[in-house]
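Okay, structure first, notes after.
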Amino acid sequence: MPDRPLLEAHGVTKVYRMGEIDVVALRGVDFQLHDGELVALLGASGSGKSTLLNILGGLDVPTDGEVHYGGEDLTHADDDLLTVYRREHVGFVFQFYNLIPSLTARENVALVTDIAVDPLEPDVALDLVGLGARFDHFPSQLSGGEQQRVAIARAMAKRPQVLLCDEPTGALDYQTGRVVLEVLERVNAELGTATAIITHNAPIAGIAHRIVTMSGGLIARAETNPRRQHAAELAW
Ligand code: ADP
Ligand code: MG
């Protein structure tokens with residue numbers, strides 16, 4: 001693994017001001033994501049996982065501290081650099097798939113590939129997630145797991161260096177969730193995309209190279225996973 005992380009947070013703090021009350025979501029977090037790495041982010045609800053992921057992806061800005069991508073400081077970057085980072089280098093997958101209901105699977109993916117620099121063809125991206133036969137289906141004709149796989153195809157079609165997933169199996173039953181994890185594992189292995197997956201389901205973290213546990217806005221533990229399992233072998 002290279003010495004310099006692809007993406008890193010240094011002393012990241014996030015305070016949300018809610019009227020008179022300050023909600024401290026992150027309290028000085030240091031986090032690294034290396035090229036090709038698959039990291040699981042575990043922690044109880046409210047521990048700051050989504051806040052950290054959003055800041056790493058340039059969707060939110062820290063109150064204090066810095067985020068570096070490929071050695072560049074994103075925190076003090078102008079809006080253009082942050083937009084390029086978000087548009088070209090980062091893919092997002094959320095718990096709810098956010099597909100456009102009136103567009104087919106292929107058209108949902110094409111929305112992203114139309115503005116990307118060197119994208120995968122939508123059909124290739126859909127093949128990657130095992131949905132080759134469902135190009136022309138609308139979201140309402142697909143199961144939750146299939147819709148999530150379209151969302152992964154959409155995120156991957158721009159060939160991002162970083163894939164950030166916030167509870168990607170949170171709305172899915174066990175079997176379906178496992179298939180989605182198999183897809184994320186395959187994308188990480190085949191395309192070498194550095195991937196962070198938030199889950200509060202500890203067994204899911206078994207597929208990661210490294211497991212980072214958050215608690216109260218801090219990293220409580222970060223350890224390599226010596227007994228890495230394939231998603232297909234997981235039981236939870
Ligand atoms: P997790 O993803 O681990 O459940 P979050 O990062 O969503 O945790 O939230 C961490 C803390 O920050 C929680 O106390 C939450 O209520 C608060 N928080 C998150 N987003 C906001 C926001 N936009 N405004 C105010 N408070 C927020
Ligand atoms: Mg969350």
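We label chains A, B, ... in the order they appear in the structure tokens, count residues from 1 in each chain, and number ligands from 1 in the order shown.
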How would you report the residues lying within 6 Å of ligand 1, as an MDAnalysis selection string, if you count only C-alpha atoms and all ligand atoms? chainID A and resid 16 23 25 44:51
Pick out the residues sitting within 9 Å of Gly192 (chain A), and hand them over as a VMD selection string; count only C-alpha atoms, and ignore anything fewer than 6 positions along from it in its own chain. chain A and resid 35 to 37 161
Take the residues from that selection and put them in a file with N, CA and C atoms, as a tab-separated table (two decimals), in the first residue's frame.
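Produced file selection_39.tsv, reproduced below:
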```tsv
chain	number	residue	atom	x	y	z
A	35	ASP	N	-5.41	4.07	-1.73
A	35	ASP	CA	-5.74	3.58	-3.06
A	35	ASP	C	-6.10	2.09	-3.00
A	36	GLY	N	-7.22	1.73	-3.57
A	36	GLY	CA	-7.58	0.31	-3.67
A	36	GLY	C	-8.14	-0.32	-2.41
A	37	GLU	N	-8.17	0.45	-1.34
A	37	GLU	CA	-8.57	-0.10	-0.05
A	37	GLU	C	-10.10	-0.15	0.10
A	161	GLN	N	-12.20	7.53	-8.40
A	161	GLN	CA	-11.10	6.93	-7.62
A	161	GLN	C	-11.61	6.51	-6.25
```
Return the single residue from A:Glu121, A:Glu66, A:Asp166, A:Asp3 that is closest to Gln95 (chain A), with distances computed using only C-alpha atoms.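 Answer, going by the shortest atom-to-atom distance: A:Asp166.
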Among region 29-164 of chain A, which ones does DSSP place in strand (DSSP E or B), written as a PyMOL selection string? chain A and resi 29-33+38-43+64-69+72-73+90-93+162-164
When DSSP works through the backbone of this structure, what residues of region 10-214 of chain A end up as helix (DSSP H, G or I), shown as a ChimeraX atom specification? /A:49-56,79-89,105-113,122-128,132-134,139-141,144-156,174-191,202-207
Extract, using only C-alpha atoms, all DNA, RNA and protein residues at most 12 Å from Gly70 (chain A), discarding same-chain residues fewer than 4 positions from it, and format them as a list in words.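 The filter keeps Pro2, Asp3, Arg4, Pro5, Leu6, Leu7, Glu8, Ala9, Gln32, Leu33, His34, Asp35, Leu74, Tyr85, His89, Gln161 and Val162 of chain A.
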Check the smallest atom-to-atom distance from each of A:Arg210, A:His200, A:His68, A:Arg186 to Ile152 (chain A) using only C-alpha atoms, then report the winner. A:Arg186
Nearest-residue call for Val67 (chain A), choices A:Val93, A:Ile198, A:Val12, A:Val109, using only C-alpha atoms: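 Closest residue, counting only C-alpha atoms: A:Val12.
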Polymer residues at most 10 Å from Asp173 (chain A), only C-alpha atoms, same-chain spacing of 5 or more positions, as a list in words: Gly144, Gly145 and Arg178 of chain A
Residues as selected, all heavy atoms, written as a compact mmCIF listing (two decimals), in the first residue's frame, can you do that?
```txt
# COMPACT_ATOMS: atom_id res chain seq x y z
N GLY A 144 -35.63 -3.70 -4.67
CA GLY A 144 -34.77 -2.76 -3.94
C GLY A 144 -33.30 -3.02 -4.19
O GLY A 144 -32.51 -2.11 -4.43
N GLY A 145 -32.91 -4.30 -4.14
CA GLY A 145 -31.51 -4.64 -4.35
C GLY A 145 -31.05 -4.31 -5.77
O GLY A 145 -29.92 -3.84 -5.98
N ARG A 178 -26.68 -8.86 0.83
CA ARG A 178 -25.44 -9.60 0.56
C ARG A 178 -25.04 -9.49 -0.92
O ARG A 178 -23.86 -9.35 -1.24
CB ARG A 178 -25.61 -11.05 0.98
CG ARG A 178 -24.29 -11.75 1.07
CD ARG A 178 -24.35 -12.90 2.00
NE ARG A 178 -25.20 -13.94 1.43
CZ ARG A 178 -25.28 -15.17 1.93
NH1 ARG A 178 -24.59 -15.48 3.00
NH2 ARG A 178 -26.03 -16.06 1.38
```
